[in-house]
Every structure is written in structure tokens, then in C-alpha cells.
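input_38.cif follows (mmCIF, C-alpha atoms):
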data_query
loop_
_atom_site.label_atom_id
_atom_site.label_comp_id
_atom_site.auth_asym_id
_atom_site.auth_seq_id
_atom_site.Cartn_x
_atom_site.Cartn_y
_atom_site.Cartn_z
CA MET A 19 -7.44 -5.17 34.05
CA LEU A 20 -8.43 -6.16 30.52
CA THR A 21 -5.87 -4.85 28.02
CA VAL A 22 -7.25 -4.38 24.51
CA GLY A 23 -5.18 -3.78 21.39
CA LEU A 24 -6.67 -1.55 18.70
CA THR A 25 -5.12 -1.75 15.26
CA GLY A 26 -5.72 -1.21 11.56
CA SER A 27 -4.06 0.31 8.51
CA THR A 28 -4.01 3.97 7.50
CA GLY A 29 -7.35 5.35 6.41
CA SER A 30 -9.32 2.72 8.30
CA GLY A 31 -10.69 5.31 10.72
CA LYS A 32 -9.05 3.74 13.74
CA GLY A 33 -8.65 7.13 15.40
CA TYR A 34 -12.40 7.69 15.33
CA VAL A 35 -13.03 4.30 16.94
CA SER A 36 -10.44 5.14 19.59
CA SER A 37 -12.34 8.38 20.33
CA ILE A 38 -15.53 6.36 20.89
CA PHE A 39 -13.73 4.19 23.46
CA CYS A 40 -12.55 7.36 25.20
CA GLU A 41 -16.08 8.78 25.06
CA ALA A 42 -17.25 5.61 26.82
CA GLY A 43 -14.78 6.28 29.63
CA ILE A 44 -12.15 3.75 28.54
CA PRO A 45 -8.60 5.18 28.54
CA CYS A 46 -6.72 4.80 25.26
CA LEU A 47 -2.99 5.14 24.69
CA ASP A 48 -1.96 6.49 21.27
CA THR A 49 1.36 4.78 20.53
CA ASP A 50 2.03 7.22 17.68
CA GLN A 51 2.09 9.99 20.29
CA VAL A 52 4.26 7.82 22.56
CA CYS A 53 6.70 7.44 19.67
CA ARG A 54 6.88 11.22 19.28
CA ASP A 55 7.43 11.57 23.02
CA VAL A 56 10.29 9.04 23.25
CA TYR A 57 12.01 10.69 20.26
CA GLU A 58 12.31 13.93 22.26
CA LYS A 59 15.79 15.16 23.14
CA GLY A 60 16.91 13.83 26.48
CA GLN A 61 14.93 10.61 26.22
CA ALA A 62 16.74 7.25 26.19
CA CYS A 63 15.31 6.43 22.76
CA TYR A 64 16.71 9.68 21.36
CA THR A 65 20.14 8.79 22.73
CA ASP A 66 20.04 5.27 21.28
CA LEU A 67 18.95 6.49 17.83
CA VAL A 68 21.65 9.15 17.62
CA ALA A 69 24.25 6.65 18.83
CA TYR A 70 23.35 4.24 16.04
CA PHE A 71 22.48 6.53 13.11
CA GLY A 72 24.66 9.52 13.91
CA GLU A 73 23.94 13.24 13.96
CA GLU A 74 22.78 13.16 10.33
CA ILE A 75 19.28 12.40 11.65
CA LEU A 76 19.16 15.65 13.65
CA SER A 77 17.66 18.97 12.60
CA GLY A 78 19.29 22.32 13.29
CA ASP A 79 17.85 22.57 16.81
CA GLY A 80 19.13 19.12 17.78
CA SER A 81 15.76 17.38 17.59
CA ILE A 82 15.28 14.23 15.55
CA ASP A 83 14.27 14.95 11.97
CA ARG A 84 11.88 12.05 11.33
CA LYS A 85 12.23 12.36 7.55
CA ALA A 86 16.03 12.24 7.79
CA LEU A 87 15.79 9.28 10.17
CA PHE A 88 13.59 7.36 7.77
CA GLN A 89 15.91 8.13 4.85
CA ALA A 90 18.89 6.94 6.91
CA ALA A 91 17.16 3.65 7.69
CA PHE A 92 15.23 2.89 4.51
CA PRO A 93 15.71 0.96 2.24
CA TYR A 94 18.55 -0.72 4.14
CA ARG A 95 16.92 -3.74 5.75
CA GLU A 96 19.36 -4.09 8.64
CA ARG A 97 19.17 -0.38 9.50
CA TYR A 98 15.38 -0.30 9.17
CA GLU A 99 15.06 -3.31 11.47
CA LYS A 100 17.40 -1.62 13.93
CA LEU A 101 15.27 1.52 13.88
CA ASN A 102 12.17 -0.54 14.65
CA SER A 103 13.87 -2.52 17.41
CA ILE A 104 15.06 0.65 19.16
CA ALA A 105 11.73 2.46 18.80
CA PHE A 106 9.56 -0.52 19.73
CA PHE A 107 11.67 -1.24 22.83
CA HIS A 108 11.23 2.25 24.24
CA ILE A 109 7.58 2.57 23.20
CA MET A 110 6.90 -0.75 24.92
CA LYS A 111 8.55 0.44 28.13
CA ALA A 112 6.45 3.62 28.10
CA THR A 113 3.32 1.60 27.38
CA GLU A 114 3.99 -0.80 30.23
CA ARG A 115 4.37 2.16 32.60
CA TRP A 116 1.09 3.63 31.37
CA LEU A 117 -0.72 0.30 31.84
CA ALA A 118 0.69 -0.08 35.36
CA GLU A 119 -0.59 3.42 36.21
CA ARG A 120 -4.07 2.65 34.86
CA LYS A 121 -4.18 -0.62 36.80
CA ALA A 122 -3.14 1.18 39.99
CA GLU A 123 -6.04 3.58 39.43
CA GLY A 124 -8.44 0.66 39.36
CA VAL A 125 -9.22 0.92 35.65
CA ARG A 126 -11.01 -2.19 34.37
CA ILE A 127 -10.29 -1.83 30.63
CA ALA A 128 -7.43 -0.04 28.88
CA VAL A 129 -6.86 0.27 25.13
CA ILE A 130 -3.52 0.37 23.31
CA ASP A 131 -3.99 2.09 19.94
CA ALA A 132 -1.15 0.74 17.80
CA PRO A 133 -1.01 0.65 13.98
CA MET A 134 1.89 -1.82 14.14
CA LEU A 135 0.47 -3.88 16.99
CA TYR A 136 1.66 -7.24 15.67
CA GLU A 137 4.96 -6.07 14.17
CA SER A 138 5.95 -4.46 17.47
CA GLY A 139 4.92 -7.44 19.59
CA PHE A 140 2.35 -5.38 21.49
CA ASP A 141 -0.28 -8.03 20.79
CA LYS A 142 1.52 -10.25 23.31
CA ILE A 143 0.54 -7.96 26.17
CA CYS A 144 -3.10 -7.69 25.04
CA HIS A 145 -5.90 -9.96 26.20
CA LYS A 146 -8.02 -9.07 23.17
CA VAL A 147 -7.37 -7.36 19.84
CA VAL A 148 -9.81 -5.21 17.87
CA ALA A 149 -9.11 -4.54 14.19
CA VAL A 150 -10.66 -1.59 12.40
CA THR A 151 -10.97 -2.12 8.66
CA ALA A 152 -12.39 -0.24 5.69
CA ASP A 153 -12.63 -0.93 1.98
CA ARG A 154 -9.83 0.42 -0.20
CA GLU A 155 -11.94 3.21 -1.75
CA THR A 156 -12.77 4.51 1.72
CA GLN A 157 -9.12 4.39 2.76
CA ILE A 158 -8.03 6.29 -0.36
CA ARG A 159 -10.61 9.04 0.23
CA ARG A 160 -9.65 9.39 3.89
CA VAL A 161 -5.90 9.54 3.26
CA MET A 162 -6.41 12.14 0.51
CA ALA A 163 -8.63 14.30 2.75
CA ARG A 164 -6.54 13.89 5.90
CA ASP A 165 -3.12 14.51 4.36
CA GLY A 166 -4.11 16.72 1.43
CA VAL A 167 -2.44 14.42 -1.10
CA SER A 168 -3.32 13.15 -4.56
CA GLU A 169 -4.95 9.81 -5.22
CA GLU A 170 -1.64 8.56 -6.62
CA ILE A 171 0.21 9.34 -3.40
CA ALA A 172 -2.59 7.87 -1.30
CA LEU A 173 -2.41 4.65 -3.31
CA ALA A 174 1.36 4.52 -2.90
CA ARG A 175 1.03 4.85 0.87
CA LEU A 176 -1.66 2.20 1.05
CA ALA A 177 0.48 -0.15 -1.05
CA LYS A 178 2.95 -0.22 1.87
CA GLN A 179 0.23 -1.15 4.35
CA LYS A 180 -0.97 -4.59 5.34
CA ALA A 181 -4.17 -5.75 3.63
CA ASN A 182 -7.38 -6.13 5.64
CA HIS A 183 -7.12 -9.92 5.75
CA TYR A 184 -3.84 -9.57 7.69
CA TYR A 185 -5.76 -7.97 10.55
CA GLU A 186 -8.94 -10.00 10.14
CA SER A 187 -7.08 -13.29 10.43
CA ARG A 188 -5.34 -12.27 13.67
CA CYS A 189 -7.85 -10.21 15.63
CA ASP A 190 -10.54 -11.23 18.10
CA TYR A 191 -13.04 -8.61 16.95
CA ARG A 192 -13.40 -6.59 13.77
CA LEU A 193 -15.14 -3.26 13.24
CA ASP A 194 -16.08 -2.27 9.70
CA ASN A 195 -15.51 1.46 9.37
CA SER A 196 -16.10 1.73 5.63
CA LEU A 197 -18.11 4.72 4.43
CA ALA A 198 -21.01 2.38 3.68
CA ASN A 199 -21.16 1.55 7.40
CA GLU A 200 -20.41 4.98 8.86
CA ARG A 201 -23.94 5.36 10.23
CA ASN A 202 -23.47 2.18 12.28
CA ILE A 203 -19.86 2.36 13.44
CA HIS A 204 -20.64 4.26 16.65
CA ALA A 205 -23.33 1.75 17.67
CA ASP A 206 -21.12 -1.18 16.60
CA THR A 207 -18.28 0.13 18.76
CA MET A 208 -20.54 0.71 21.75
CA ARG A 209 -21.84 -2.86 21.48
CA LEU A 210 -18.24 -4.05 21.56
CA VAL A 211 -17.61 -1.84 24.60
CA GLY A 212 -20.48 -3.63 26.34
CA LEU A 213 -19.01 -7.02 25.47
CA LEU A 214 -15.56 -6.01 26.72
CA ARG A 215 -17.06 -4.77 29.96
CA ARG A 216 -18.73 -8.12 30.49
CA LEU A 217 -15.44 -9.89 29.79
CA SER A 218 -13.70 -7.57 32.24
CA ALA A 219 -16.29 -8.35 34.90
CA ASP A 220 -15.81 -12.08 34.33
CA LYS A 221 -12.05 -11.64 34.57
CA ALA A 222 -12.32 -9.88 37.93
#
Target format C-alpha cells, applied to this file:
Amino acid sequence: MLTVGLTGSTGSGKGYVSSIFCEAGIPCLDTDQVCRDVYEKGQACYTDLVAYFGEEILSGDGSIDRKALFQAAFPYRERYEKLNSIAFFHIMKATERWLAERKAEGVRIAVIDAPMLYESGFDKICHKVVAVTADRETQIRRVMARDGVSEEIALARLAKQKANHYYESRCDYRLDNSLANERNIHADTMRLVGLLRRLSADKA
């Protein structure tokens, strides 16, 4: 099975590209959703986070308050790194289980949609990596529309993200999802799907 990593910064339109892969019949795992799942009460990740950060990260119903968790970890470097190490470990375990299930089903290509693909080490389990990029103006407009925030807040969020060249210098394939290319992104993605299918056939 060919495992493909899909990554890119906020506002790049990575989610739309992921939906095109799904439309083409290629299963995609959203690691943001996996993160939400492993944070659920009763999960091992939940237990590890509460053990390290304490009950101050919990809301009234005992669930993890993500805002409180972030405030408990940031801006303390050691605590923030610990948060990432705990979360990435459990997300990786869940991802490996998902990949094993897809392989057992006879799936030829599977996509891991991960914004922090490189930081989490997920790139090491991928045969190929696809980066979705967009110009800064496009990203600002998308973040504002998606989250209902001001341009100032959108800029502040983007300032914390990796620049496009970070992804471009590390990936195997890049898809330009800027507004100027929005009429072509579906066709561009489908061409890449065809290439990945040929690679998968060669790998068989």
C-alpha cells in the first residue's frame, strides 16, 4: 500500500484537496479528528495528559478543555513539547491502526491528512508527501471566512504557521491552491491521483 502524507498550513485549502482524494475513492485520515478522538475521556491520551498537566485542563463535565490545555502548556517550552510528545504518540498509534486496517482491506493508496506532518514525524511512515500551498492573501481571506475573524487575527494566526517554502522544500509534490488557481485545482489533484495510482501499481 502506498501511504501518502498530505500537509500544508492553515488557509491553504488542504481540506478541499483531501475531499478530492476521497471523491476519487482514496481513503483519507484526518489527524485533527484523530486528535479530538484520543482526547476523549477514557482514552489513554486523556489519561496521560491529565496525569501530566493536572485537572486544571478539564472542563466541568470532565472533558479536556483544549483552550485550558493550550494555556497550561504555552508559552512554557518544556510543557509545550511534552504536550506534543503525548499527543503525537497517541495519534501515531491510532494512525498506524487505521493504516493496518486499510491495508488488510486491500486498499492500494491511503492518505494521512496532517497539518504537522513533519513536526510529528508522520512523514517517516509516508512513501510520498503532497504539500498544498496558497499565497498569503488567499490564506488570509480563507481564515477570515472560515473562522469569522478579523484580518488582524488571521494575520496573527498565519504568523505562527510555517511559510510555504518549508513545505515546498520537503515535499515530493506540490499543489497550488491559491485563488488564482482555483479553477484548476480539481484537475491538478486528479492528475496527481493518476500519478500516485501508477506508482502504486509499480510498487505492487
Could you give me, as a tab-separated table, a per-residue list for segment 23-101 of chain A showing, wherever an atom lies at most 10 Å from an atom of segment 148-171 of chain A, the closest pair of atoms and their distance in Å to one decimal, using only C-alpha atoms and sorting by chain then residue number from low to high?
residue	atom	partner	partner_atom	distance
A:Gly23	CA	A:Val148	CA	6.0
A:Leu24	CA	A:Val148	CA	4.9
A:Thr25	CA	A:Ala149	CA	5.0
A:Gly26	CA	A:Val150	CA	5.0
A:Ser27	CA	A:Thr151	CA	7.3
A:Thr28	CA	A:Gln157	CA	7.0
A:Gly29	CA	A:Gln157	CA	4.2
A:Ser30	CA	A:Ala152	CA	5.0
A:Gly31	CA	A:Val150	CA	7.1
A:Lys32	CA	A:Val150	CA	5.7
A:Gly33	CA	A:Val150	CA	9.4
A:Tyr34	CA	A:Val150	CA	9.9
A:Val35	CA	A:Val150	CA	7.8
A:Ser36	CA	A:Val150	CA	9.9
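We find atom CA of Phe88 of chain A and atom CA of Arg54 of chain A to be spaced 13.9 Å apart.
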Put the listed atoms of segment 98-108 of chain A in a box along x, y and z with 8 Å added on every side and give me the centre and edge lengths in Å to one decimal, as lines of an AutoDock Vina configuration file.
center_x = 13.5
center_y = -0.4
center_z = 16.7
size_x = 23.8
size_y = 21.8
size_z = 31.1
Pairwise distance, atom CA of Leu47 of chain A with atom CA of Leu117 of chain A, equals 8.9 Å
For Pro45 of chain A, which of A:Ile104, A:Ala128, A:Ala86, A:Leu76 is the closest residue, counting all atoms listed in the file?
->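 Looking only at the distances to Pro45 of chain A, the closest residue turns out to be A:Ala128.
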- d(atom CA of Met19 of chain A, atom CA of Lys121 of chain A) in Å: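 Result for atom CA of Met19 of chain A versus atom CA of Lys121 of chain A: 6.2 Å, one decimal.
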**Asked** Between A:Ala198, A:Gly139, A:Asp50, A:Leu87, which one has atoms that come closest to Phe107 of chain A, using all atoms listed in the file?
**Response**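 Among the listed residues, A:Gly139 lies closest to Phe107 of chain A.
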Open item on the list: Applying the PyMOL selection byres ((chain A and resi 146) around 7) to the file I just gave you, which residues come out? Please list them as a list of chain:residue names.
Closed with: A:Thr21, A:Val22, A:Gly23, A:Cys144, A:His145, A:Val147, A:Val148, A:Asp190
- Message: Suppose a student applies the PyMOL selection byres ((chain A and resi 208-222) around 7) to this structure; what residues should they get, written as a PyMOL selection string?
- Response: chain A and resi 19-20+126-127+204-207
- prompt: For Asp79 of chain A, which of A:Val129, A:Lys59, A:Phe140, A:Asn199 is the closest residue, counting all atoms listed in the file?
  reply: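 Answer, going by the shortest atom-to-atom distance: A:Lys59.
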Practice item. Decode the PyMOL selection byres ((chain A and resi 56) around 12) for the given file into explicit residues and return them as a ChimeraX atom specification. Key: /A:49-55,57-67,81-82,104-113
Hey, which of A:Pro93, A:Gly124, A:Gly72, A:Gly78 ends up closest to Ile44 of chain A? Count all atoms listed in the file.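 Closest residue, counting all atoms listed in the file: A:Gly124.
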Just add all heavy atoms to segment 122-133 of chain A and send it as a PDB file, keeping the file's coordinate frame.
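The resulting file, result_26.pdb, is reproduced below:
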ATOM      1  N   ALA A 122      -3.214   0.651  38.629  1.00  0.00           N
ATOM      2  CA  ALA A 122      -3.140   1.180  39.990  1.00  0.00           C
ATOM      3  C   ALA A 122      -4.324   2.081  40.299  1.00  0.00           C
ATOM      4  O   ALA A 122      -4.749   2.210  41.451  1.00  0.00           O
ATOM      5  CB  ALA A 122      -1.829   1.926  40.198  1.00  0.00           C
ATOM      6  N   GLU A 123      -4.875   2.711  39.270  1.00  0.00           N
ATOM      7  CA  GLU A 123      -6.040   3.580  39.430  1.00  0.00           C
ATOM      8  C   GLU A 123      -7.346   2.797  39.523  1.00  0.00           C
ATOM      9  O   GLU A 123      -8.397   3.383  39.776  1.00  0.00           O
ATOM     10  CB  GLU A 123      -6.128   4.556  38.252  1.00  0.00           C
ATOM     11  CG  GLU A 123      -5.000   5.579  38.203  1.00  0.00           C
ATOM     12  CD  GLU A 123      -4.974   6.367  36.903  1.00  0.00           C
ATOM     13  OE1 GLU A 123      -5.763   6.041  35.986  1.00  0.00           O
ATOM     14  OE2 GLU A 123      -4.165   7.304  36.802  1.00  0.00           O
ATOM     15  N   GLY A 124      -7.251   1.481  39.296  1.00  0.00           N
ATOM     16  CA  GLY A 124      -8.440   0.660  39.360  1.00  0.00           C
ATOM     17  C   GLY A 124      -9.214   0.580  38.056  1.00  0.00           C
ATOM     18  O   GLY A 124     -10.379   0.145  38.037  1.00  0.00           O
ATOM     19  N   VAL A 125      -8.575   0.982  36.960  1.00  0.00           N
ATOM     20  CA  VAL A 125      -9.220   0.920  35.650  1.00  0.00           C
ATOM     21  C   VAL A 125      -9.469  -0.540  35.273  1.00  0.00           C
ATOM     22  O   VAL A 125      -8.614  -1.398  35.488  1.00  0.00           O
ATOM     23  CB  VAL A 125      -8.321   1.609  34.584  1.00  0.00           C
ATOM     24  CG1 VAL A 125      -8.804   1.309  33.175  1.00  0.00           C
ATOM     25  CG2 VAL A 125      -8.268   3.108  34.823  1.00  0.00           C
ATOM     26  N   ARG A 126     -10.652  -0.814  34.718  1.00  0.00           N
ATOM     27  CA  ARG A 126     -11.010  -2.190  34.370  1.00  0.00           C
ATOM     28  C   ARG A 126     -10.634  -2.568  32.929  1.00  0.00           C
ATOM     29  O   ARG A 126     -10.364  -3.720  32.634  1.00  0.00           O
ATOM     30  CB  ARG A 126     -12.516  -2.407  34.557  1.00  0.00           C
ATOM     31  CG  ARG A 126     -13.001  -2.236  35.984  1.00  0.00           C
ATOM     32  CD  ARG A 126     -12.291  -3.192  36.939  1.00  0.00           C
ATOM     33  NE  ARG A 126     -12.362  -4.569  36.469  1.00  0.00           N
ATOM     34  CZ  ARG A 126     -11.465  -5.515  36.736  1.00  0.00           C
ATOM     35  NH1 ARG A 126     -10.398  -5.219  37.460  1.00  0.00           N
ATOM     36  NH2 ARG A 126     -11.616  -6.738  36.291  1.00  0.00           N
ATOM     37  N   ILE A 127     -10.638  -1.585  32.027  1.00  0.00           N
ATOM     38  CA  ILE A 127     -10.290  -1.830  30.630  1.00  0.00           C
ATOM     39  C   ILE A 127      -9.388  -0.699  30.147  1.00  0.00           C
ATOM     40  O   ILE A 127      -9.667   0.473  30.397  1.00  0.00           O
ATOM     41  CB  ILE A 127     -11.540  -1.882  29.717  1.00  0.00           C
ATOM     42  CG1 ILE A 127     -12.548  -2.919  30.204  1.00  0.00           C
ATOM     43  CG2 ILE A 127     -11.144  -2.185  28.264  1.00  0.00           C
ATOM     44  CD1 ILE A 127     -13.886  -2.863  29.458  1.00  0.00           C
ATOM     45  N   ALA A 128      -8.318  -1.040  29.464  1.00  0.00           N
ATOM     46  CA  ALA A 128      -7.430  -0.040  28.880  1.00  0.00           C
ATOM     47  C   ALA A 128      -7.123  -0.452  27.441  1.00  0.00           C
ATOM     48  O   ALA A 128      -6.946  -1.643  27.148  1.00  0.00           O
ATOM     49  CB  ALA A 128      -6.135   0.076  29.685  1.00  0.00           C
ATOM     50  N   VAL A 129      -7.072   0.540  26.552  1.00  0.00           N
ATOM     51  CA  VAL A 129      -6.860   0.270  25.130  1.00  0.00           C
ATOM     52  C   VAL A 129      -5.504   0.790  24.675  1.00  0.00           C
ATOM     53  O   VAL A 129      -5.133   1.928  24.998  1.00  0.00           O
ATOM     54  CB  VAL A 129      -7.971   0.928  24.283  1.00  0.00           C
ATOM     55  CG1 VAL A 129      -7.662   0.818  22.791  1.00  0.00           C
ATOM     56  CG2 VAL A 129      -9.324   0.279  24.580  1.00  0.00           C
ATOM     57  N   ILE A 130      -4.780  -0.034  23.930  1.00  0.00           N
ATOM     58  CA  ILE A 130      -3.520   0.370  23.310  1.00  0.00           C
ATOM     59  C   ILE A 130      -3.787   0.538  21.814  1.00  0.00           C
ATOM     60  O   ILE A 130      -4.046  -0.444  21.102  1.00  0.00           O
ATOM     61  CB  ILE A 130      -2.412  -0.675  23.512  1.00  0.00           C
ATOM     62  CG1 ILE A 130      -2.151  -0.904  24.998  1.00  0.00           C
ATOM     63  CG2 ILE A 130      -1.129  -0.236  22.807  1.00  0.00           C
ATOM     64  CD1 ILE A 130      -1.201  -2.061  25.258  1.00  0.00           C
ATOM     65  N   ASP A 131      -3.760   1.768  21.347  1.00  0.00           N
ATOM     66  CA  ASP A 131      -3.990   2.090  19.940  1.00  0.00           C
ATOM     67  C   ASP A 131      -2.644   2.019  19.221  1.00  0.00           C
ATOM     68  O   ASP A 131      -1.793   2.893  19.393  1.00  0.00           O
ATOM     69  CB  ASP A 131      -4.594   3.503  19.856  1.00  0.00           C
ATOM     70  CG  ASP A 131      -4.845   3.963  18.430  1.00  0.00           C
ATOM     71  OD1 ASP A 131      -4.336   3.342  17.491  1.00  0.00           O
ATOM     72  OD2 ASP A 131      -5.546   4.983  18.261  1.00  0.00           O
ATOM     73  N   ALA A 132      -2.449   0.965  18.426  1.00  0.00           N
ATOM     74  CA  ALA A 132      -1.150   0.740  17.800  1.00  0.00           C
ATOM     75  C   ALA A 132      -1.293   0.247  16.358  1.00  0.00           C
ATOM     76  O   ALA A 132      -1.712  -0.885  16.136  1.00  0.00           O
ATOM     77  CB  ALA A 132      -0.341  -0.277  18.612  1.00  0.00           C
ATOM     78  N   PRO A 133      -0.949   1.080  15.379  1.00  0.00           N
ATOM     79  CA  PRO A 133      -1.010   0.650  13.980  1.00  0.00           C
ATOM     80  C   PRO A 133      -0.169  -0.597  13.703  1.00  0.00           C
ATOM     81  O   PRO A 133      -0.574  -1.464  12.932  1.00  0.00           O
ATOM     82  CB  PRO A 133      -0.473   1.862  13.216  1.00  0.00           C
ATOM     83  CG  PRO A 133      -0.673   3.019  14.134  1.00  0.00           C
ATOM     84  CD  PRO A 133      -0.498   2.471  15.515  1.00  0.00           C
TER      85      PRO A 133
END
